[in-house]
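For reference, the structure discussed in these notes is given below.
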Amino acid sequence: MVQTNTKTVFLAIKVFTPTKNASHATVLAVTSGVTSLPSSMLPGLSAYVASKLAQTKLIEFLASEQPDVFAATVHPGAVETAIFKKSGGKAESVPMDKVQLPAHFLLWMSSPEASFLNGRSVWANWDTSDPRVNVPGMWPSLIRTESTWDFKTIPQRGLEGREIGFPQGRLLGGSSALNGLAFSATSKANIDAWESLGNPGWGWQSFCESMKNSYTSPSADAKGSIQLTVPEADTEWPRIWTETLSALGFPTTGDPFSGELSGGVIVADSIHPLTKQRSYAGNAYLEPARSRPNLTIWTK
Ligand SMILES: Cc1cc2nc3c(=O)[nH]c(=O)nc-3n(C[C@H](O)[C@H](O)[C@H](O)COP(=O)(O)OP(=O)(O)OC[C@H]3O[C@@H](n4cnc5c(N)ncnc54)[C@H](O)[C@@H]3O)c2cc1C
């Protein structure tokens, strides 16, 4: 491991630096995101992680000791390469990137635009141009930016003429790219009302079956594209609320898809349980279809 990951990089730098073109000398080393994970998650990988961290330090020192060299380490995302398969990695267990992502990223890293990243270790695994889409807690920062259609209601008479903001998604994935991530089924009574109005087959049962094609959740037997996380009760408050509502006679099933929306409800989040990133129309539906030859996307 030390031979491959550290010594090879050291030798490459040693050979490269005397011959470098000082006006745009660039050294980019490909590292792995696993160097950021706690060791308890990586049994048997001590040599690999330690040698990759040593490589990162070599690059960092190169950048600081030789000011005319741009040097950085890049985690290339999750790409299904031969070595990925050999390591026992399973493409279906993690959201994968296409090789174009690190390829484009490395090219960009060697451009003057990336000079502020000198000496850094960076990740190339954003699948959108705006990281605020992926980081769940950042969604409010997308409102009233170039990422929203900043619609407004007409002046509201009942609100002393005020106009109410009505933002909608203006980016790939639409409003699902910036919504509040709450993923809940509507109430059973609402859907059953459709059927009772004379629409056989449009009731709760068939609605639930169809909805299962849209999401995957640890709490349900569903196999759709949107990945859900069901929050754990990490404080006393959910228990207190549930017990109180139960004592008052309200239902508290604990099932986000029970169809009972009054009482104690746990709402699932459209957050991928592994990556902790937003799961939305952009990465769940559009991304897998991007390489189709009959698909062209214009965003301007
Ligand atoms: C701030 C916010 C928070 C929300 N929070 C939640 C939540 O927590 N839980 C929840 O379930 N729902 C939430 N929603 C609602 C939910 O996101 C939307 O109901 C859902 O995304 C609507 O999907 P849609 O496909 O109908 O429309 P959209 O997702 O809005 O998609 C419409 C797409 O069409 C594009 N478009 C519009 N006009 C044109 C045109 N002329 N030419 C080309 N493209 C055009 C838009 O840019 C957009 O990409 C929220 C919405 C917002 C705005």
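We name chains A, B, ... following the order of the structure tokens; residues begin at 1 in each chain, and ligands are numbered from 1 as shown.
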Taking 6 positions as the minimum chain separation for residues in the same chain, which residues sit within 8 Å of Val267 of chain A when counting only C-alpha atoms? Answer as JSON, numbers by chain.
{"A": [182, 183, 184, 230, 231, 256]}
I need the strand (DSSP E) residues of segment 144-296 of chain A per DSSP on the backbone, written as a list in words.
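Assigned to strand (DSSP E), within segment 144-296 of chain A: Thr148, Trp149, Asp150, Phe151, Lys152, Gly165, Phe166, Pro167, Gln168, Gly169, Ala182, Phe183, Tyr215, Thr216, Ile226, Gln227, Ala268 and Asp269 of chain A.
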Written selection (C-alpha atoms) as a short mmCIF file (atom, residue, chain, number, x, y, z; two decimals), in the first residue's frame:
```cif
data_model
loop_
_atom_site.label_atom_id
_atom_site.label_comp_id
_atom_site.auth_asym_id
_atom_site.auth_seq_id
_atom_site.Cartn_x
_atom_site.Cartn_y
_atom_site.Cartn_z
CA THR A 148 -36.31 30.18 -7.64
CA TRP A 149 -39.09 31.68 -9.68
CA ASP A 150 -39.90 34.43 -7.23
CA PHE A 151 -43.67 34.43 -7.76
CA LYS A 152 -45.97 36.57 -5.66
CA GLY A 165 -44.17 35.24 -1.73
CA PHE A 166 -44.69 31.94 -3.56
CA PRO A 167 -41.24 30.61 -4.59
CA GLN A 168 -41.01 27.68 -7.02
CA GLY A 169 -37.95 25.70 -8.10
CA ALA A 182 -40.83 16.39 4.31
CA PHE A 183 -42.12 13.30 2.48
CA TYR A 215 -39.87 5.90 -2.80
CA THR A 216 -37.64 3.50 -0.90
CA ILE A 226 -36.64 8.65 -4.02
CA GLN A 227 -34.63 7.54 -0.98
CA ALA A 268 -40.07 10.77 6.61
CA ASP A 269 -37.47 13.02 4.94
#
```
Nearby residues (only C-alpha atoms) at most 12 Å from Leu37 of chain A, same-chain spacing under 5 positions excluded, as an mmCIF file with C-alpha atoms, in the first residue's frame:
```cif
data_model
loop_
_atom_site.group_PDB
_atom_site.id
_atom_site.type_symbol
_atom_site.label_atom_id
_atom_site.label_comp_id
_atom_site.auth_asym_id
_atom_site.auth_seq_id
_atom_site.Cartn_x
_atom_site.Cartn_y
_atom_site.Cartn_z
ATOM 1 C CA SER A 32 -10.249 8.458 -1.464
ATOM 2 C CA LEU A 42 -13.064 0.652 8.033
ATOM 3 C CA PRO A 43 -11.913 -2.659 9.502
ATOM 4 C CA LEU A 45 -8.213 -0.791 5.736
ATOM 5 C CA SER A 46 -5.607 0.729 8.073
ATOM 6 C CA VAL A 49 -6.109 4.803 4.672
ATOM 7 C CA ALA A 50 -2.748 5.603 6.315
ATOM 8 C CA LEU A 53 -3.311 10.211 4.196
#
```
Using only C-alpha atoms and all ligand atoms, the best pick from A:Ala247, A:Ala193, A:Ile143, A:Met211 as closest to ligand 1 would be A:Ile143
inquiry  = Env of segment 96-107 of chain A: 8 Å cut, atoms = only C-alpha atoms, seq-sep filter 2 positions within chain, self excluded. Answer as a PyMOL selection string.
reply    = chain A and resi 28+74+76-80+91+94+109-111+124-125+127
